[in-house]
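J.: The file below is entry.csv, CSV, C-alpha atoms:
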chain,number,residue,atom,x,y,z
B,171,MET,CA,2.7,-13.1,-16.6
B,172,LYS,CA,0.1,-11.6,-14.3
B,173,LEU,CA,-0.8,-7.9,-14.5
B,174,GLY,CA,-2.1,-5.7,-11.7
B,175,THR,CA,-2.3,-2.0,-11.1
B,176,GLY,CA,-2.6,0.7,-8.4
B,177,LEU,CA,-0.9,1.9,-6.2
B,178,PHE,CA,-3.6,3.8,-4.5
B,179,THR,CA,-2.1,6.6,-2.5
B,180,CYS,CA,-5.2,8.9,-2.3
B,181,GLN,CA,-3.1,12.1,-2.4
B,182,ARG,CA,-4.8,15.4,-3.0
B,183,ARG,CA,-2.6,17.7,-5.0
B,184,PRO,CA,-2.6,21.5,-4.3
B,185,ASP,CA,-4.6,22.1,-7.5
B,186,ASP,CA,-7.2,19.5,-6.6
B,187,ASP,CA,-10.3,21.0,-4.9
B,188,ARG,CA,-12.1,17.7,-4.3
B,189,SER,CA,-12.8,16.5,-0.8
B,190,MET,CA,-10.8,13.6,0.7
B,191,SER,CA,-14.1,11.6,0.6
B,192,ALA,CA,-14.2,12.1,-3.1
B,193,ILE,CA,-10.7,10.9,-3.5
B,194,TYR,CA,-11.3,7.8,-1.6
B,195,ASP,CA,-14.4,7.2,-3.7
B,196,GLU,CA,-12.2,7.5,-6.7
B,197,MET,CA,-10.1,4.6,-5.3
B,198,LEU,CA,-13.1,2.4,-5.0
B,199,THR,CA,-14.3,3.4,-8.5
B,200,LEU,CA,-11.0,2.4,-10.0
B,201,THR,CA,-10.8,-0.8,-8.0
B,202,ARG,CA,-14.1,-1.9,-9.6
B,203,ALA,CA,-12.7,-0.9,-13.0
B,204,ILE,CA,-9.7,-3.1,-12.3
B,205,GLU,CA,-11.9,-6.2,-11.6
B,206,ASP,CA,-14.2,-5.4,-14.5
B,207,ALA,CA,-11.2,-5.1,-16.9
B,208,GLY,CA,-10.1,-8.7,-15.9
B,209,LEU,CA,-6.8,-7.6,-14.4
B,210,ASP,CA,-5.2,-9.7,-11.7
B,211,SER,CA,-4.6,-7.4,-8.8
B,212,ALA,CA,-5.1,-4.0,-7.1
B,213,TRP,CA,-2.7,-2.4,-4.6
B,214,VAL,CA,-2.5,0.3,-1.9
B,215,SER,CA,0.5,2.1,-0.5
B,216,GLU,CA,1.3,3.7,2.9
B,217,HIS,CA,2.9,6.8,4.3
B,218,HIS,CA,2.1,9.1,7.2
B,219,PHE,CA,1.8,12.8,8.1
B,220,LEU,CA,1.9,14.2,4.6
B,221,ASP,CA,-0.1,17.3,4.0
B,222,ASP,CA,-1.6,15.9,0.8
B,223,GLY,CA,-3.3,13.1,2.7
B,224,TYR,CA,-1.2,10.2,1.4
B,225,LEU,CA,-3.0,7.0,2.4
B,226,SER,CA,-2.1,5.9,5.9
B,227,GLY,CA,-4.8,3.5,6.8
B,228,VAL,CA,-3.7,0.4,4.8
B,229,MET,CA,-5.9,-2.1,6.5
B,230,PRO,CA,-9.2,-0.2,6.3
B,231,ALA,CA,-8.4,0.5,2.6
B,232,LEU,CA,-7.7,-3.2,1.9
B,233,GLY,CA,-11.0,-4.1,3.7
B,234,ALA,CA,-12.8,-1.7,1.4
B,235,LEU,CA,-11.1,-3.1,-1.7
B,236,ALA,CA,-12.0,-6.6,-0.5
B,237,ALA,CA,-15.7,-5.7,-0.2
B,238,GLU,CA,-15.7,-4.0,-3.7
B,239,THR,CA,-14.3,-7.1,-5.5
B,240,GLU,CA,-14.8,-10.8,-5.8
B,241,GLU,CA,-11.8,-12.3,-7.7
B,242,ILE,CA,-8.7,-10.1,-7.9
B,243,GLU,CA,-5.7,-10.2,-5.6
B,244,ILE,CA,-5.5,-7.2,-3.3
B,245,GLY,CA,-2.5,-6.1,-1.4
B,246,SER,CA,-0.2,-3.6,0.2
B,247,CYS,CA,2.8,-2.4,-1.7
B,248,ILE,CA,3.9,-1.7,0.8
B,249,ALA,CA,3.0,-1.5,4.5
B,250,LEU,CA,5.7,-0.1,6.9
B,251,ALA,CA,6.2,-3.1,9.2
B,252,PRO,CA,8.3,-1.4,11.9
B,253,LEU,CA,5.5,1.1,12.6
B,254,TYR,CA,2.9,-1.5,13.5
B,255,ASN,CA,2.1,-3.4,16.6
B,256,ALA,CA,2.5,-6.8,15.0
B,257,VAL,CA,-0.3,-8.5,16.9
B,258,ARG,CA,-2.8,-5.8,15.7
B,259,LEU,CA,-1.4,-6.2,12.2
B,260,ALA,CA,-1.9,-9.9,12.3
B,261,GLU,CA,-5.5,-9.4,13.4
B,262,ASP,CA,-6.3,-6.7,10.9
B,263,ALA,CA,-4.7,-8.5,8.0
B,264,ALA,CA,-6.5,-11.7,8.8
B,265,THR,CA,-9.8,-9.8,8.9
B,266,ALA,CA,-9.2,-8.2,5.5
B,267,ASP,CA,-8.2,-11.6,4.1
B,268,LEU,CA,-11.4,-13.2,5.4
B,269,ILE,CA,-13.5,-10.3,3.9
B,270,SER,CA,-11.8,-11.0,0.6
B,271,ASN,CA,-12.1,-14.8,0.8
B,272,ASN,CA,-8.4,-15.4,0.9
B,273,ARG,CA,-7.3,-12.9,-1.7
B,274,LEU,CA,-4.9,-10.7,0.3
B,275,THR,CA,-1.2,-10.4,-0.1
B,276,LEU,CA,0.5,-8.5,2.7
B,277,GLY,CA,3.5,-6.5,1.4
B,278,LEU,CA,5.9,-5.2,4.0
B,279,ALA,CA,9.1,-3.2,4.1
B,280,ILE,CA,11.4,-1.5,6.6
B,281,GLY,CA,10.5,2.1,5.8
B,282,SER,CA,12.8,5.1,5.4
B,283,ASN,CA,11.2,8.4,6.4
B,284,PRO,CA,12.9,9.7,9.6
B,285,ARG,CA,9.8,11.7,10.6
B,286,GLU,CA,7.5,8.6,10.5
B,287,PHE,CA,9.8,6.8,12.9
B,288,ALA,CA,10.1,9.8,15.2
B,289,GLU,CA,6.4,10.4,15.4
B,290,PHE,CA,5.6,6.8,16.1
B,291,GLY,CA,8.4,6.6,18.7
B,292,VAL,CA,10.2,3.8,16.9
B,293,PRO,CA,14.0,3.8,16.8
B,294,GLU,CA,15.0,3.9,13.1
B,295,GLU,CA,18.0,1.8,13.8
B,296,GLU,CA,15.7,-1.1,14.8
B,297,ARG,CA,13.8,-1.2,11.6
B,298,VAL,CA,15.4,-4.3,10.0
B,299,GLU,CA,15.1,-6.3,13.2
B,300,ARG,CA,11.5,-5.1,13.7
B,301,LEU,CA,10.6,-6.2,10.2
B,302,ALA,CA,12.1,-9.7,10.7
B,303,ASP,CA,10.3,-10.0,14.1
B,304,THR,CA,7.0,-8.9,12.5
B,305,VAL,CA,7.2,-11.6,9.8
B,306,GLN,CA,8.0,-14.3,12.4
B,307,LEU,CA,5.1,-13.1,14.7
B,308,LEU,CA,2.7,-13.0,11.8
B,309,ARG,CA,3.5,-16.6,10.8
B,310,GLY,CA,2.9,-17.7,14.4
B,311,ALA,CA,-0.3,-15.7,14.8
B,312,TRP,CA,-1.8,-17.1,11.7
B,313,SER,CA,-0.9,-20.7,12.6
B,314,ASP,CA,-3.4,-23.1,14.1
B,315,GLY,CA,-2.1,-22.7,17.6
B,316,PRO,CA,-0.5,-20.0,19.7
B,317,ILE,CA,2.1,-17.6,18.4
B,318,GLY,CA,5.0,-19.6,19.7
B,319,HIS,CA,7.4,-16.7,19.3
B,320,GLU,CA,9.1,-14.6,22.0
B,321,SER,CA,9.0,-11.1,20.4
B,322,PRO,CA,11.5,-8.5,21.6
B,323,PHE,CA,9.4,-5.7,20.3
B,324,ASN,CA,5.8,-6.8,21.0
B,325,ASP,CA,4.7,-7.4,24.6
B,326,VAL,CA,2.7,-10.6,24.0
B,327,SER,CA,3.0,-14.1,25.4
B,328,PRO,CA,4.2,-16.8,23.0
B,329,ASP,CA,1.2,-18.8,24.5
B,330,THR,CA,-1.3,-16.3,23.1
B,331,SER,CA,-3.5,-17.5,20.3
B,332,VAL,CA,-4.4,-14.6,18.0
B,333,THR,CA,-7.8,-14.5,16.3
B,334,PRO,CA,-9.2,-14.4,13.7
B,335,LYS,CA,-7.1,-16.9,11.7
B,336,PRO,CA,-7.0,-16.7,7.9
B,337,ASP,CA,-9.0,-19.5,6.2
B,338,GLY,CA,-6.0,-20.3,4.1
B,339,HIS,CA,-2.4,-19.3,3.6
B,340,LEU,CA,-1.9,-15.5,3.8
B,341,PRO,CA,1.1,-14.6,1.7
B,342,ILE,CA,3.8,-12.1,2.8
B,343,MET,CA,5.7,-10.2,0.2
B,344,LEU,CA,8.8,-8.1,1.1
B,345,GLY,CA,10.1,-5.1,-0.7
B,346,GLY,CA,13.6,-3.5,-1.0
B,347,GLY,CA,16.3,-3.6,-3.6
B,348,ALA,CA,19.5,-4.0,-1.5
B,349,LYS,CA,21.0,-7.4,-1.4
B,350,PRO,CA,20.2,-8.0,2.3
B,351,ALA,CA,16.5,-7.1,1.7
B,352,VAL,CA,16.3,-9.3,-1.4
B,353,ARG,CA,17.9,-12.3,0.5
B,354,ARG,CA,15.6,-11.7,3.5
B,355,ALA,CA,12.6,-12.0,1.2
B,356,ALA,CA,14.0,-15.2,-0.4
B,357,ARG,CA,14.5,-16.9,3.0
B,358,THR,CA,11.4,-15.6,5.0
B,359,ALA,CA,8.7,-14.5,2.6
B,360,ASP,CA,6.3,-15.8,-0.1
B,361,GLY,CA,7.4,-13.1,-2.6
B,362,TRP,CA,9.6,-10.1,-3.4
B,363,CYS,CA,8.7,-6.9,-5.1
B,364,ALA,CA,11.3,-5.2,-7.3
B,365,PRO,CA,11.2,-1.4,-6.7
B,366,SER,CA,10.5,0.9,-9.7
B,367,SER,CA,14.0,2.3,-9.6
B,368,LEU,CA,15.5,-1.0,-10.9
B,369,SER,CA,16.2,-1.6,-14.6
B,370,VAL,CA,15.2,-4.9,-16.2
B,371,GLY,CA,18.8,-6.1,-15.7
B,372,GLY,CA,18.8,-5.0,-12.1
B,373,VAL,CA,15.6,-7.0,-11.4
B,374,LYS,CA,17.0,-10.0,-13.2
B,375,LYS,CA,20.2,-9.9,-11.1
B,376,ARG,CA,18.2,-10.0,-7.9
B,377,VAL,CA,15.8,-12.6,-9.1
B,378,ASP,CA,18.7,-14.9,-10.0
B,379,ASP,CA,20.1,-14.3,-6.5
B,380,ILE,CA,16.7,-15.2,-5.0
B,381,ARG,CA,16.4,-18.4,-6.9
B,382,GLN,CA,20.0,-19.4,-6.0
B,383,VAL,CA,19.4,-18.7,-2.3
B,384,ARG,CA,16.2,-20.7,-2.3
B,385,GLU,CA,17.7,-23.6,-4.1
B,386,LYS,CA,20.7,-23.7,-1.8
B,387,GLU,CA,18.5,-23.7,1.3
B,388,GLY,CA,16.0,-26.2,-0.1
B,389,LEU,CA,13.1,-23.8,-0.2
B,390,ASP,CA,10.7,-25.1,-2.8
B,391,ASP,CA,7.3,-23.7,-1.8
B,392,ASP,CA,5.6,-21.1,-4.0
B,393,PHE,CA,7.4,-17.8,-4.3
B,394,THR,CA,6.1,-14.9,-6.4
B,395,ILE,CA,8.2,-12.2,-8.1
B,396,TYR,CA,6.4,-8.9,-8.3
B,397,VAL,CA,7.8,-6.0,-10.4
B,398,LEU,CA,6.7,-2.5,-9.9
B,399,GLN,CA,6.8,0.3,-12.5
B,400,HIS,CA,4.9,3.5,-13.3
B,401,GLY,CA,3.2,3.9,-16.6
B,402,PHE,CA,0.2,4.6,-18.7
B,403,VAL,CA,-1.7,3.5,-21.8
B,404,GLY,CA,-2.9,6.0,-24.4
B,405,ASP,CA,-3.4,6.6,-28.1
B,406,SER,CA,0.2,7.5,-28.6
B,407,ARG,CA,3.4,7.7,-26.6
B,408,GLU,CA,3.2,11.5,-26.4
B,409,GLU,CA,-0.5,11.5,-25.4
B,410,ALA,CA,0.1,8.8,-22.7
B,411,TRP,CA,3.1,10.8,-21.2
B,412,ASN,CA,1.2,14.1,-21.2
B,413,THR,CA,-1.7,12.5,-19.4
B,414,MET,CA,0.4,10.9,-16.6
B,415,LYS,CA,3.2,13.4,-16.4
B,416,ASP,CA,1.8,15.9,-13.8
B,417,GLY,CA,0.6,13.2,-11.4
B,418,TYR,CA,3.7,11.1,-11.9
B,419,LEU,CA,6.2,13.9,-11.3
B,420,TYR,CA,4.2,15.1,-8.4
B,421,ILE,CA,4.3,11.8,-6.5
B,422,GLN,CA,8.0,11.5,-7.3
B,423,ARG,CA,8.7,14.9,-5.8
B,424,ARG,CA,6.8,13.9,-2.7
B,425,TYR,CA,8.7,10.6,-2.5
B,426,ALA,CA,12.0,12.6,-2.7
B,427,GLU,CA,10.7,14.4,0.4
B,428,VAL,CA,9.7,11.2,2.1
B,429,PHE,CA,13.0,9.5,1.5
B,430,SER,CA,15.2,12.5,2.4
B,431,GLY,CA,13.1,14.0,5.2
B,432,GLU,CA,13.6,17.4,3.6
B,433,GLU,CA,11.3,19.7,1.6
B,434,VAL,CA,11.7,19.3,-2.2
B,435,THR,CA,10.0,22.2,-4.1
B,436,GLU,CA,11.0,21.0,-7.6
B,437,LEU,CA,12.7,18.0,-9.1
B,438,PRO,CA,15.8,18.8,-11.2
B,439,ASP,CA,15.4,18.6,-14.9
B,440,GLU,CA,17.8,15.7,-15.2
B,441,ARG,CA,15.8,13.8,-12.6
B,442,LYS,CA,12.6,14.4,-14.5
B,443,GLN,CA,14.2,13.1,-17.7
B,444,GLU,CA,15.5,10.0,-15.8
B,445,LEU,CA,12.0,9.3,-14.5
B,446,LYS,CA,10.5,9.7,-17.9
B,447,GLU,CA,13.0,7.2,-19.3
B,448,GLN,CA,12.2,4.8,-16.5
B,449,ALA,CA,8.4,4.8,-16.9
B,450,ILE,CA,6.5,2.6,-19.4
B,451,PHE,CA,4.0,4.4,-21.5
B,452,GLY,CA,2.5,4.6,-24.9
B,453,THR,CA,0.1,2.7,-27.1
B,454,PRO,CA,-1.1,-0.8,-26.0
B,455,GLU,CA,1.4,-2.2,-28.5
B,456,GLN,CA,4.3,-0.2,-27.1
B,457,VAL,CA,3.4,-1.0,-23.5
B,458,THR,CA,3.1,-4.7,-24.3
B,459,GLU,CA,6.5,-4.7,-26.0
B,460,GLU,CA,8.2,-3.2,-23.0
B,461,LEU,CA,6.5,-5.6,-20.6
B,462,GLU,CA,7.6,-8.4,-22.8
B,463,THR,CA,11.2,-7.5,-22.0
B,464,TYR,CA,10.5,-8.4,-18.3
B,465,ARG,CA,9.0,-11.7,-19.3
B,466,GLU,CA,12.0,-12.5,-21.6
B,467,ALA,CA,14.4,-11.7,-18.7
B,468,LEU,CA,12.5,-13.3,-15.8
B,469,GLY,CA,10.2,-15.9,-17.3
B,470,ASP,CA,6.4,-16.3,-17.3
B,471,ASP,CA,5.9,-16.6,-13.6
B,472,VAL,CA,6.0,-12.8,-12.8
B,473,HIS,CA,3.4,-10.5,-11.4
B,474,PHE,CA,3.8,-7.0,-12.9
B,475,ILE,CA,2.3,-4.2,-10.9
B,476,PHE,CA,1.8,-1.5,-13.6
B,477,ARG,CA,1.4,1.7,-11.6
B,478,THR,CA,-1.3,3.7,-13.4
B,479,TYR,CA,-2.7,5.7,-10.4
B,480,HIS,CA,-1.2,9.1,-10.7
B,481,PRO,CA,-2.8,11.7,-8.3
B,482,GLY,CA,-5.0,14.3,-9.8
B,483,ILE,CA,-4.9,13.3,-13.5
B,484,GLY,CA,-8.6,12.5,-13.6
B,485,THR,CA,-10.7,9.4,-12.7
B,486,ASP,CA,-12.0,8.9,-16.2
B,487,ALA,CA,-8.5,9.0,-17.7
B,488,MET,CA,-7.2,6.4,-15.2
B,489,ALA,CA,-10.4,4.2,-15.7
B,490,GLU,CA,-9.9,4.2,-19.4
B,491,CYS,CA,-6.2,3.3,-19.0
B,492,ILE,CA,-7.2,0.4,-16.8
B,493,GLU,CA,-9.8,-0.8,-19.3
B,494,ARG,CA,-7.2,-0.7,-22.1
B,495,LEU,CA,-4.7,-2.6,-19.9
B,496,GLY,CA,-7.3,-5.3,-19.6
B,497,SER,CA,-8.6,-5.5,-23.1
B,498,GLU,CA,-5.5,-4.5,-25.2
B,499,VAL,CA,-2.4,-5.4,-23.1
B,500,ALA,CA,-3.1,-8.3,-20.7
B,501,PRO,CA,-4.4,-10.7,-23.4
B,502,ASN,CA,-1.0,-10.4,-25.1
B,503,LEU,CA,0.8,-11.4,-21.9
B,504,ALA,CA,-1.3,-14.4,-21.0
The structure in this file should be written as structure tokens.

T.:
Amino acid sequence: MKLGTGLFTCQRRPDDDRSMSAIYDEMLTLTRAIEDAGLDSAWVSEHHFLDDGYLSGVMPALGALAAETEEIEIGSCIALAPLYNAVRLAEDAATADLISNNRLTLGLAIGSNPREFAEFGVPEEERVERLADTVQLLRGAWSDGPIGHESPFNDVSPDTSVTPKPDGHLPIMLGGGAKPAVRRAARTADGWCAPSSLSVGGVKKRVDDIRQVREKEGLDDDFTIYVLQHGFVGDSREEAWNTMKDGYLYIQRRYAEVFSGEEVTELPDERKQELKEQAIFGTPEQVTEELETYREALGDDVHFIFRTYHPGIGTDAMAECIERLGSEVAPNLA
């Protein structure tokens, strides 16, 4: 089992008086900590027009992560494919991949925030088709020759050769928990990421479906299962929860706004309890035990993205958590 962390969102909570430059510097500090800890990957996320500055520039951020590291996988979890010009996305992702020496994984999904689609002038009802078209165009753009794809959403000739090209294979990972999204990933991508809302059983059900689809269609190339879940490592279960709680619940409240398109001033108590039960936190031994349940259900070939970046809880606290993941959790999962 591989173990990575993030997701860097670079949000500034209302009680945080740092500059945005300082918050982006925190991202780079923690990225270096991830590599120093011997973990496998670091990840960024994407949303737009939020007043807390939620990271919107995925490709610049990935370029910065690439320059700060030498070995770890870097990736988007996830980028909102329908909002991109797919040719520019192909160029920018290839550039970040070259800077990283072929360590980039491009995670994509359809998006869900009505405001984002409205502001970008993208019809929300086209999002599934736009994602599928983007994946196909990216494959063509990164091939040795021209795109070879007639895109209904991107005004580019199939005879165009997009540069730069990645030096090697640039993996595409797709997110989403609904059956059509999972099967789309199985058929067209190099990996699938299970959302944090799914239980272990829910993830297993979808992974079994992916494996059945790929076997039925004769797809035997490499395919990676990523699993995303929030959590934290501390000296005790109570201490770990108290450290992560404010940042974790803050970001979940903002996600409730993103997904609904409406203001959410406070999460209901039952939702807070549900989120606490969903997260993985505690001593290294407790965290290891919970991560082992995923390995038992899914097998060894899983890449767990343990989401320890919770806005505003302190750089030092998050760096210490990352170090303990590397020294006290990861060795038990190898």

J.: When you count all atoms listed in the file, which of these residues is closest to Asp470 (chain B): B:Asp439, B:Leu198, B:Arg407, B:Thr394?

T.: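 Answer, going by the shortest atom-to-atom distance: B:Thr394.
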
J.: Quick one: residues within 12 Å of Ser366 (chain B), all atoms listed in the file, excluding same-chain residues fewer than 5 positions away - as an MDAnalysis selection string?

T.: chainID B and resid 177 247 345:347 372:373 396:401 422 445 447:450 474:477

J.: Quick one: residues within 12 Å of (-10.4, -9.1, 4.0) (file frame), counting only C-alpha atoms, please, as JSON, numbers by chain.

T.: {"B": [228, 229, 230, 231, 232, 233, 234, 235, 236, 237, 238, 239, 240, 243, 244, 245, 260, 261, 262, 263, 264, 265, 266, 267, 268, 269, 270, 271, 272, 273, 274, 275, 276, 334, 335, 336, 337, 340]}

J.: Using all atoms listed in the file, which residues sit within 12 Å of Pro293 (chain B) once same-chain residues fewer than 2 positions away are excluded, as an MDAnalysis selection string?

T.: chainID B and resid 252:253 280:291 295:300 323

J.: Ranking B:Val332, B:Val377, B:Ala256, B:Ile204 by minimum distance to Glu241 (chain B) and counting all atoms listed in the file, which one comes first?

T.: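 Using all atoms listed in the file, Glu241 (chain B) sits closest to B:Ile204.
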
J.: Give the answer as one residue: which of B:Cys180, B:Phe451, B:Asp314, B:Ala302 has the shortest atom-to-atom distance to Glu409 (chain B), using only C-alpha atoms?

T.: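 Looking at the shortest contact to Glu409 (chain B), the residue is B:Phe451.
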
J.: Would you please take region 329-340 of chain B of the structure in the block above and write N, CA and C atoms to a file as a PDB file, in the first residue's frame?

T.:
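Output contents, as saved in selection.pdb:
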ATOM      1  N   ASP B 329      -5.506  17.610 -36.839  1.00  0.00           N
ATOM      2  CA  ASP B 329      -4.166  17.511 -37.408  1.00  0.00           C
ATOM      3  C   ASP B 329      -3.114  18.278 -36.608  1.00  0.00           C
ATOM      4  N   THR B 330      -3.554  18.982 -35.554  1.00  0.00           N
ATOM      5  CA  THR B 330      -2.627  19.772 -34.741  1.00  0.00           C
ATOM      6  C   THR B 330      -1.794  18.863 -33.842  1.00  0.00           C
ATOM      7  N   SER B 331      -0.503  19.141 -33.795  1.00  0.00           N
ATOM      8  CA  SER B 331       0.385  18.431 -32.867  1.00  0.00           C
ATOM      9  C   SER B 331       0.678  19.352 -31.689  1.00  0.00           C
ATOM     10  N   VAL B 332       0.264  18.942 -30.525  1.00  0.00           N
ATOM     11  CA  VAL B 332       0.411  19.763 -29.322  1.00  0.00           C
ATOM     12  C   VAL B 332       1.781  19.517 -28.706  1.00  0.00           C
ATOM     13  N   THR B 333       2.449  20.578 -28.299  1.00  0.00           N
ATOM     14  CA  THR B 333       3.733  20.474 -27.608  1.00  0.00           C
ATOM     15  C   THR B 333       3.675  21.299 -26.327  1.00  0.00           C
ATOM     16  N   PRO B 334       4.506  20.935 -25.328  1.00  0.00           N
ATOM     17  CA  PRO B 334       5.434  19.801 -25.324  1.00  0.00           C
ATOM     18  C   PRO B 334       4.704  18.473 -25.122  1.00  0.00           C
ATOM     19  N   LYS B 335       5.419  17.407 -25.393  1.00  0.00           N
ATOM     20  CA  LYS B 335       4.934  16.059 -25.106  1.00  0.00           C
ATOM     21  C   LYS B 335       5.580  15.575 -23.804  1.00  0.00           C
ATOM     22  N   PRO B 336       4.862  14.819 -22.993  1.00  0.00           N
ATOM     23  CA  PRO B 336       5.509  14.195 -21.828  1.00  0.00           C
ATOM     24  C   PRO B 336       6.613  13.241 -22.288  1.00  0.00           C
ATOM     25  N   ASP B 337       7.637  13.084 -21.474  1.00  0.00           N
ATOM     26  CA  ASP B 337       8.710  12.142 -21.806  1.00  0.00           C
ATOM     27  C   ASP B 337       8.256  10.693 -21.697  1.00  0.00           C
ATOM     28  N   GLY B 338       7.292  10.447 -20.840  1.00  0.00           N
ATOM     29  CA  GLY B 338       6.756   9.092 -20.668  1.00  0.00           C
ATOM     30  C   GLY B 338       5.249   9.149 -20.578  1.00  0.00           C
ATOM     31  N   HIS B 339       4.655   8.073 -20.110  1.00  0.00           N
ATOM     32  CA  HIS B 339       3.193   8.020 -19.981  1.00  0.00           C
ATOM     33  C   HIS B 339       2.754   8.934 -18.836  1.00  0.00           C
ATOM     34  N   LEU B 340       1.786   9.804 -19.104  1.00  0.00           N
ATOM     35  CA  LEU B 340       1.243  10.700 -18.080  1.00  0.00           C
ATOM     36  C   LEU B 340      -0.121  10.153 -17.659  1.00  0.00           C
TER      37      LEU B 340
END
